[in-house]
Every structure is written in structure tokens, then in C-alpha cells.
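The structure appears below as C-alpha cells.
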Amino acid sequence: MTSPSAPVVATGYPWPIETTRLANGLRVVVSEDRTAPVVCVNLWYDVGSRHEPAGQTGFAHLFEHLMFEGSQHVAKTEHMRLVQGNGGSLNATTNPDRTNYFETMPAEHLELALWLEADRMGGLVPALTQETLDNQREVVKNERRQRYENVPYGDAWLRLLELLYPPGHPYHHATIGSMEDLNAASLDTFKAFHQQYYAPNNAVLTVAGDAGPAEVFALAEKYFGAIEPVPSIPPAPSGQVGEQPARRETVTAAVPAPRIYLSHRTHPFGTKGYDAITVLAAVLGNGRGSRLYQRLADGKRIAQPDYIGSYGVDLAHAPAPLIITATAKDGVPVEELEGGLGEVVGSLVTEPVTEDELARAKALLTTAWWRQVSTVGGRADTLSRYATQFGEPEAAAYRLPQWLSITADDVTEAAELTLKPESRVTLTYVPEEKA
Amino acid sequence: MTLIATRPEPGEARPYTFPDLQRVTVAGGTVIGAHLPGQLLASAMLMLDAGAARETAGREGTATVLAKSLEEGTRRRDSAAYAIALESLGAELSPSVDWDTFRVGVSAPVPQLLDAVRLAAEAARTPKLDPADVARVRDDEVTALRMDWAQPGPRADAALRADLFGSAERFGRPMHGDPTSVAAVTVDDVLAFHQSWMRRPGVLLVAGDLDTLDLAALGEAAFAGTEGDPLPVEPPLGVPVRDHRRVILVDRPGSVQSTLRIGHRSPERATPDYVAMTLAATVLGGAFTSRLNHLIREVKGYTYGIRGSYAMSRRFGRFEVAAGVQTAVTVPAIVDTLGEIGRTQRDGVTEEELAVARSWRAGQLSVEMQTPGSIVGALSTLVLYGLPDDYYPRLRRSYLETPIAEVSAAAAGHLHPHGLTLVVEGDAAIIRDELVAAEIGEIVDAQL
């Protein structure tokens with residue numbers, strides 16, 4: 001049952017999708033939309049921090065930086081200059097699952113973007129120097145300081161992963177890596193890394209926006225067609241994770257207020273179980289109408305209203321984490337906050353989700369979905385994800401209808417199965433005593 | 001394997017267009033709509049002349065407390081009922097305050113936008129503002145500000161602002177107030193602010209598929225029960241700049257980075273040099289390949305990123321460079337930054353650098369304006385600064401055609417390397433001696 005006000009949604013992707021595969025294995029996805037004269041070129045490489053062996057944490061991400069530092073026919077710093085100097089926006093991100101690269105350009109520069117991407121897929125190694133590696137290693141260490149070390153609670157994600165996934169599990173270590181491993185990174189390791197994983201048969205190229213499939217397929221062949229495939233790319237270690245006990249860590253640090261993160265391993269992104277978790281997370285902690293906000297920020301007024309919520313982290317290669325967080329209001333003991341959080345989480349099992357709660361969550365998820373695909377960049381990234389992780393970009397169209405098909409019973413069952421206190425991870429920050 | 005060695009030439013460019021605009025005057029206010037055919041989402045923003053500049057001295061943050069109180073219930077329904085009504089449309093309210101305006105934004109799937117705007121107007125025009133709720137929101141905001149001020153940045157920003165505009169002046173105090181000023185805000189302050197400034201019609205900005213959206217109905221919802229004429233705009237503040245540098249040290253014991261905020265005052269948004277200044281600042285610190293980011297990130301590895309820009313509002317502007325640099329290289333990073341600001345002021349920009357800045361700024365007008373939310377933001381710029389409907393195509397041409405001599409002249413006239421205030425937020429015990437020895441300018445400790 002959906003609310004009467006919610007629009008009936010048959011597809012989450014009402015734009016055309018055309019695909020082909022080059023002889024070297026590169027999958028090419030095109031989604032034409034001539035509304036605006038802009039086009040996005042997006043590449044997903046099926047390599048992330050889950051592939052990193054012990055002693056090489058942070059390498060996939062450091063490598064992402066090196067991809068901007070020049071390749072066979074593109075001088076150092078030219079990549080950025082050519083994209084921005086032709087009006088484009090660009091970036092790249094690395095997470096445990098994969099590495100993506102993307103640029104949105106005025107449409108007349110489509111071919112330039114493809115040329116730049118092909119040159120760094122096929123010709124990075126000859127341009128890689130010790131000087132570049134040393135410089136980008138420092139930039140990444142500064143990124144680590146800025147984003148994780150120099151901000152209150154900044155290392156929560158790093159700690160949660162270690163608590164959620166046992167040593168040796170591909171999600172045990174964070175993508176940013178450790179300072180020690182970054183310092184030990186050698187040039188040869190990076191050359192080998194590129195040769196192993198940056199192969200056409202390990203990538204998906206998506207072009208969305210002001211370009212048609214025939215044109216894009218021909219250009220993809222022209223620029224990427226000569227790049228040799230890599231015959232056997234080793235898979236990442238298995239994401240299987242057996243029963244894990246409840247774990248708890250308390251950190252005393254320079255933080256302004258006590259904060260709690262509760263986390264659970266759920267299901268891999270893309271499964272029906274994870275769709276139920278996505279809806280559950282919205283019921284529980286998305287917006288002022290959510291249970292957490294209504295009961296702890298409003299209601300009991302023990303949690304700060306700006307810092308309460310729950311969300312799933314959309315990882316596909318192992319049971320993905322659900323994270324639930326709240327920060328204590330002034331004078332509220334951390335034990336009281338934890339008790340309150342436990343009660344609200346437990347209520348998902350003992351007090352069935354109402355149709356109104358379900359309709360609210362689905363309406364918010366619907367808007368979030370349409371927002372994600374409202375730009376050519378968002379669309380290209382979505383199609384690359386579904387092609388990489390599920391073998392077909394068309395599967396992107398099912399996600400929103402699948403969220404909307406989740407029932408109240410599905411949410412209760414998901415809560416019963418995955419939110420057990422016996423497997424809960426509890427990370428607590430408490431302020432250090434002021435001298 | 002043979003990669004293609006030659007860089008491809010661009011194809012033929014399609015002409016730049018900004019969405020067609022429609023204006024409707026209804027119920028005493030104006031609706032401006034931008035047509036985005038086929039868009040599934042739509043955005044609307046009620047913009048009121050009720051910015052932070054209108055707050056009483058010592059009560060900075062009043063408008064922000066009001067913004068956060070709007071969803072604590074209206075005369076028609078309590079806060080829980082309001083949240084559920086709005087979120088069941090897939091909409092969330094985003095009230096915000098800047099120096100010049102108070103904005104209440106919503107976005108929703110097109111069929112739900114009218115109901116979402118009705119709810120937004122209900123909160124903006126007829127909030128319940130129960131005294132106990134307002135006091136609680138005020139206390140929560142004090143706590144939230146303390147949380148925010150525990151991060152690197154806000155204290156440095158406040159120190160720079162106080163030095164540039166004077167801590168006794170409204171513009172010399174943080175836009176959203178500080179923990180002390182917000183703690184001093186009373187329930188009556190909040191009620192009076194709403195009474196004085198939130199009851200004029202204002203302007204409703206809409207971006208979405210206008211074949212389906214009814215602008216008159218949206219306007220009637222937004223302007224119902226309002227009265228009063230637009231307020232006069234006060235004159236610009238001028239551009240006083242000191243003749244010497246000042247270094248302000250903000251202590252953050254144990255910090256592994258130093259947060260830099262380096263700046264001086266500059267003209268307001270209406271300056272005829274707007275485009276030339278923007279292009280000059282793009283060369284200096286705007287693009288990834290800018291002089292600052294190239295030297296300090298890509299060559300030296302001192303930072304994850306450094307940016308320099310002019311920020312301009314209706315009555316004032318300021319030039320600012322912002323970065324976080326590793327503690328051990330604080331002084332070398334500052335020296336290099338000063339070097340690039342000085343070089344740009346003295347020697348201007350090169351054709352090659354300017355070409356990148358021109359194309360980037362021009363291209364961003366299409367690349368970064370794809371969503372209803374970004375188009376509503378663009379409309380707000382037109383309204384706030386009284387710009388014509390064909391402003392964006394004209395702006396694009398100006399970015400592409402402003403002569404290099406004008407850009408270099410803007411750098412020469414609007415950068416003041418010897419009048420800079422340099423705020424350094426970091427571990428004072430480690431960096432103070434080196435800062436003193438570097439003789440960058442007089443050193444003072446921040447009074448925060």
C-alpha cells in the first residue's frame with residue numbers, strides 16, 4: 001500500500017539506455033537526453049579499498065589522485081586544465097567497493113573527455129614518476145588530517161568499520177588508509193596496481209546527456225578500442241562474514257558533547273533485504289517526522305535535533321552497515337541517550353510501522369531518488385553502478401519501485417533479523433575532562 | 001596498443017540558453033517562474049527582505065533561531081503533524097538566513113509542489129512560536145553552535161570578520177551569531193523579528209515544468225495574508241583597507257593542521273568590476289589549476305586544497321583565501337600564498353590562465369545549472385541584485401569577452417597584499433615563534 005498522494009511509479013529511470021561491449025571487454029552505456037547542451041562522462045573501475053592487501057591500505061584512493069597527474073599524451077596538470085578550461089566540472093571518488101571518475105562538460109567537448117579518460121586508462125604508467133607519487137602522498141595525508149583527524153568525531157567511520165568487520169575482511173579497513181601504509185607506498189606497487197585493475201574489461205563507461213548512442217559507441221571504439229584487456233583480474237577477498245558478537249568501544253576525545261553510533265551489518269546493497277533496510281532507515285531516522293526525531297529530539301528531548309538520524313551505507317560486496325546516531329543534549333548522561341536509542345530501535349520490532357510512517361518514508365525516498373537522477377552526472381553514475389555491480393544498467397529502473405513495494409511487515413521482519421542487540425556495534429564518544 | 005595521441009577538437013557548440021522566465025503578480029507579491037520542461041521535481045523559494053543585517057546588536061542569531069522555530073508548529077497544527085504533512089509530500093523545508101535575505105525553500109515532485117508551498121507559507125507566515133518552544137530552539141541552537149565552533153574554521157572566520165568590519169558592527173559579527181549572542185536572544189526578539197520583517201509578501205521563485213505548475217496558485221499560497229511595501233535598500237559600506245598586515249592567532253591546542261583565513265574588504269556585488277574581479281580571482285584561487293592550488297597543493301603538498309575568491313553581498317564584499325595546511329609548514333604556506341597574491345596584484349594575469357578562467361566560468365553556467373534547485377538559486381541572484389531577465393546570457397558573454405587589461409586592472413585595484421588580515425587557527429605553542437620570526441605583520445591573539 002502506498003499513500004494516495006504518492007505518484008504511481010512504474011520505473012525509476014524514464015530515459016533511454018543503450019549498451020554495447022567493445023572487443024576488449026569495455027562496457028559502454030549511453031543515456032541520451034537533449035534537454036540541455038551538457039554531457040557527463042563517467043567511468044566505474046571495479047576496484048576499491050576491498051582489494052587492498054594488508055600493508056597497502058589507502059592505495060586505491062592514493063591511486064585515484066595519481067590519475068589526475070598526467071598520462072602518456074597528457075602533461076602533468078593538463079587534465080584539470082583541459083576539463084575546467086573547457087567549462088567542465090570533474091571529480092573522482094574511491095570507496096570500499098569501487099573507484100569512479102567523472103566530468104560533466106558542455107556537449108561539444110564530449111570527445112575531449114573520452115580522449116582524456118582513454119589516455120589515463122591505457123597510458124598512465126609511462127607518466128607515473130616518483131615526484132608525482134611523493135607529492136600526492138602528501139596531499140592525501142593532508143586529506144586524512146583535514147577530514148578525519150582534525151575534526152571532532154572525524155574518525156568514527158574508521159572505528160566503526162574495524163568494529164563491524166573482522167580483521168582480514170575487505171571492509172575492515174577504511175579507504176583513506178593508514179599513515180604508515182601511505183608512507184611505505186612504492187612507485188612499482190602503483191605501476192602494478194594500474195596494470196592489474198585499470199583494464200577495459202574491469203570498467204564501465206557511461207555517457208549521459210546531449211549525445212546519442214551511435215556517436216558515443218563509435219567514439220568509444222576510436223579512443224578505447226586499442227587498449228588491451230587484462231586476462232585474469234584477481235577478485236577481492238570474500239565479503240562473507242559469519243556471526244559476530246556485540247562490540248563496544250568508548251572513545252574519550254576532544255569532542256563538544258557525548259555522541260553514540262549504533263551500527264549493524266545488514267544485507268548487501270541491491271538485495272530485497274537491503275531495500276527493506278533503506279525504508280527502515282528512513283522510517284527510523286530521516287526527517288523530523290522520523291521515530292528518532294519524534295521520540296528523542298522532540299518527545300524526551302535528550303538528543304540534539306541537528307545531529308540525529310539513521311542511514312545505510314550502500315555497499316554491495318558484503319552485508320552493508322546501517323548507522324544510527326545521536327548526540328546528547330547538554331546535561332543528558334550518555335547512558336540515558338543510549339537507553340533511549342535502544343528503545344526506539346527496539347520499537348521497530350514491538351510497534352509495527354504504520355501506513356502513515358511508511359508513506360512518509362517512501363515519499364522522502366522518492367524525492368531523493370529523483371534528485372539523484374536530476375542531473376546528467378547523477379544519471380551516469382547510477383547507470384555505471386548498476387552495470388558494474390549487477391551486470392545491467394537497466395536494473396537502475398527497479399530500485400525506486402522496489403523501495404515502494406516494501407511493506408510494513410517487511411520492515412518489521414528486517415528489524416527483527418538485523419537489529420539484534422546481540423550483534424550490535426556501539427561506538428561512544430565522551431568529552432575529555434577539561435584541565 | 002596505440003592510444004590516440006592528438007587531442008580532439010571541440011564539436012559545434014549549441015547556443016547557450018537560460019530557461020524561459022514567466023512573471024505573475026498576484027495577492028500583492030511577485031512570482032518568477034523558470035520553465036524546465038519535463039523535469040520531475042520542482043523547487044520553490046519564498047525570499048523575504050529579512051536578512052541577518054536586520055538583527056539587533058548583541059542578539060545576532062535571532063533570525064536563525066526564528067528559522068529553526070518555524071517547524072515547531074503553526075497556528076493550524078503542532079510540530080509532529082506539520083512534519084508528517086510536509087514529509088508525506090516528499091518535501092523538506094529549508095529555511096535559511098543570509099546577510100540580505102530570509103529564504104524558505106521547498107522541493108518536491110511536480111504534482112506535490114503546490115501543497116508543499118502552502119505548508120511552507122503556513123510556517124513562514126503563521127508559525128505558532130510558542131514561548132517555551134522558541135526558548136528550547138534557542139538553547140538547542142547555542143548547543144549546535146558550540147558543536148560547530150569545536151571544528152576548525154568558525155573561530156577563524158569570526159576573527160577575520162571582526163577585524164575587517166569591526167566587532168561592534170553587525171557585519172563584523174558572525175552571520176548566524178556566536179554562542180554568546182544566541183544565548184542572549186529572547187523569545188520577544190524572535191517574535192518581534194517575525195512581526196517586523198516576515199509579513200511583507202516578498203518574492204516567490206519557482207523552477208519546474210510550468211506547463212503543469214500554476215504560478216498564480218503558488219503565489220496566492222505564498223502571499224496570503226501579507227501586507228506592506230518593499231523596504232528601501234541601504235547604501236554600500238565602502239572599502240576601507242589598512243596599510244599594513246595583521247596576523248591574528250587563534251589557539252587550537254593539538255591541532256594537526258593550521259586553518260588559514262586571509263583577506264581584506266572589497267566592493268559590493270553591484271560593482272561594475274564584478275566580472276573582471278571574478279576572473280582575476282579564478283586565476284589566483286578559483287580553478288583547480290589556479291596559482292594558489294597549483295603551488296601550495298600540487299607542487300608543495302602543503303594542503304588538501306586552497307581557494308581564493310571574492311564574496312559579495314548587497315552592501316559589502318571581501319576577498320578571502322581559505323585553506324587547511326599541515327602544522328609544520330604553516331609559515332612556508334603563508335609566505336607562498338602572500339607571494340602569489342602579490343604577484344597577481346602586481347603583474348596581472350596571463351592570456352593562457354585567463355582562457356581557462358573564461359571557459360570555466362562560462363561553462364559552469366550550463367554545467368552547474370541543471371536542477372530546479374540551482375535554477376531557483378540563479379533566480380534569487382536576479383531578484384536580489386536587480387538584474388535583468390537576460391542577465392545569464394549576458395554574463396556568459398562578459399566572461400568570454402572582458403579584455404585581459406580589465407582583468408589585470410581588477411587584480412591591481414582590488415587585491416591589497418599589504419593590507420591583508422591573516423588569521424591562523426592552529427597550535428599556537430608550535431607555530432607562534434615561527435610566525436613572529438617570519439615578520440609577516442603585527443601579531444595579535446584573537447579575543448574570542
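Just remember, in the C-alpha cells the first chain shown is A, the second B, etc., residues are 1-based per chain, and ligands are 1-based in the order shown.
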
- Message: Which residues are near range 29-43 of chain A? Cut-off 8 Å, only C-alpha atoms, ignore same chain within fewer than 2 positions. Put them as an MDAnalysis selection string.
- Response: (chainID A and resid 15:20 27 45 100:107 110 113:114 203:213 216 376:377 380:381 383:384 393) or (chainID B and resid 14 16 366:367 370)

Please return, as a short mmCIF file (atom, residue, chain, number, x, y, z; two decimals) with C-alpha atoms, in the first residue's frame, all residues of chain B lying within 7 Å of chain A when only C-alpha atoms are considered.
data_model
loop_
_atom_site.label_atom_id
_atom_site.label_comp_id
_atom_site.auth_asym_id
_atom_site.auth_seq_id
_atom_site.Cartn_x
_atom_site.Cartn_y
_atom_site.Cartn_z
CA MET B 1 48.50 -0.81 -28.17
CA THR B 2 48.13 2.62 -29.70
CA LEU B 3 46.30 5.36 -27.94
CA ILE B 4 45.22 8.37 -29.98
CA ALA B 5 47.98 10.91 -29.48
CA ARG B 7 43.79 15.91 -28.57
CA PRO B 8 40.42 16.16 -30.33
CA PRO B 10 35.66 20.56 -29.94
CA GLY B 11 32.47 19.89 -31.85
CA GLU B 12 30.00 22.57 -32.70
CA ALA B 13 28.62 24.30 -29.62
CA ARG B 14 24.88 24.58 -29.16
CA LEU B 41 10.99 17.65 -9.48
CA ALA B 80 4.64 16.49 14.66
CA ALA B 83 6.49 17.37 9.88
CA ILE B 84 4.36 14.44 8.80
CA GLU B 87 7.38 14.90 4.59
CA SER B 88 4.47 12.82 3.29
CA LEU B 89 4.67 15.02 0.19
CA GLY B 90 8.31 14.01 -0.13
CA ALA B 91 9.23 17.59 0.73
CA ALA B 108 9.01 18.15 -4.26
CA PRO B 109 7.77 16.10 -7.19
CA ASP B 140 19.47 23.94 21.05
CA MET B 147 29.35 21.87 18.27
CA ALA B 150 34.54 22.96 18.03
CA GLN B 151 35.51 22.31 14.39
CA PRO B 152 38.37 24.21 12.82
CA SER B 255 45.66 20.81 16.02
CA VAL B 256 47.42 18.79 13.29
CA GLN B 257 46.60 21.48 10.72
CA PHE B 288 41.86 23.68 -9.61
CA THR B 289 44.74 24.89 -11.78
CA ARG B 297 48.82 21.67 -3.18
CA GLU B 298 50.25 20.31 -6.41
CA VAL B 299 53.87 21.49 -6.14
CA GLY B 301 51.96 19.23 -1.00
CA TYR B 302 51.17 21.50 1.98
CA THR B 303 47.38 21.15 1.77
CA TYR B 304 44.41 19.13 0.53
CA GLY B 324 43.95 23.97 5.98
CA GLN B 326 49.84 20.90 7.83
CA ALA B 355 41.44 31.45 -21.18
CA VAL B 356 40.91 28.69 -18.62
CA ALA B 357 39.09 31.05 -16.25
CA SER B 359 35.77 28.99 -20.36
CA TRP B 360 35.33 27.50 -16.93
CA ARG B 361 33.13 30.31 -15.63
CA ALA B 362 31.11 30.36 -18.86
CA GLY B 363 30.72 26.58 -18.99
CA GLN B 364 29.64 26.39 -15.35
CA SER B 366 25.26 25.33 -18.09
CA VAL B 367 27.05 22.51 -16.27
CA GLN B 370 20.77 21.53 -14.36
CA THR B 371 18.48 21.15 -11.38
#

- Item | Shell around Arg265 in chain B at 12 Å using only C-alpha atoms, local window under 5 positions removed, as an MDAnalysis selection string | chainID B and resid 160:166 171:172 237:242 309:313 315:320 414:417 419:421

- Message: Let's see if you can do this: from backbone DSSP, list all alpha helix (DSSP H) residues in range 63-239 of chain A, as a ChimeraX atom specification.
- Response: /A:63-66,78-84,110-122,130-144,156-164,179-184,187-197,213-224

- Pick out the closest residue to Ala135 in chain B from this set: B:Val444, B:Val185, B:Leu400, B:Val206. Count only C-alpha atoms.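 Under the stated criterion, the closest residue is B:Val185.
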
- Message: So the first atom is CA of Ile404 in chain B and the second is CA of Leu354 in chain B; what is the distance between them in Å, to one decimal place?
- Response: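 That distance, rounded to one decimal, is 7.5 Å.
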
- Pick from B:Val31, B:Ile306, B:Phe102, B:Gln22, whichever lies nearest to Ala44 in chain B using only C-alpha atoms: B:Val31

- Contacts of Thr278 in chain A within 10 Å, only C-alpha atoms, excl. fewer than 5 positions in-chain, as a list in words: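 Non-adjacent residues within range: Phe269, Lys272, Gly273, Val283, Leu284, Ser310, Tyr311, Gly312, Val313, Asp314, Leu322, Ala361, Lys362, Leu365, Trp403, Ile406 and Val411 of chain A.
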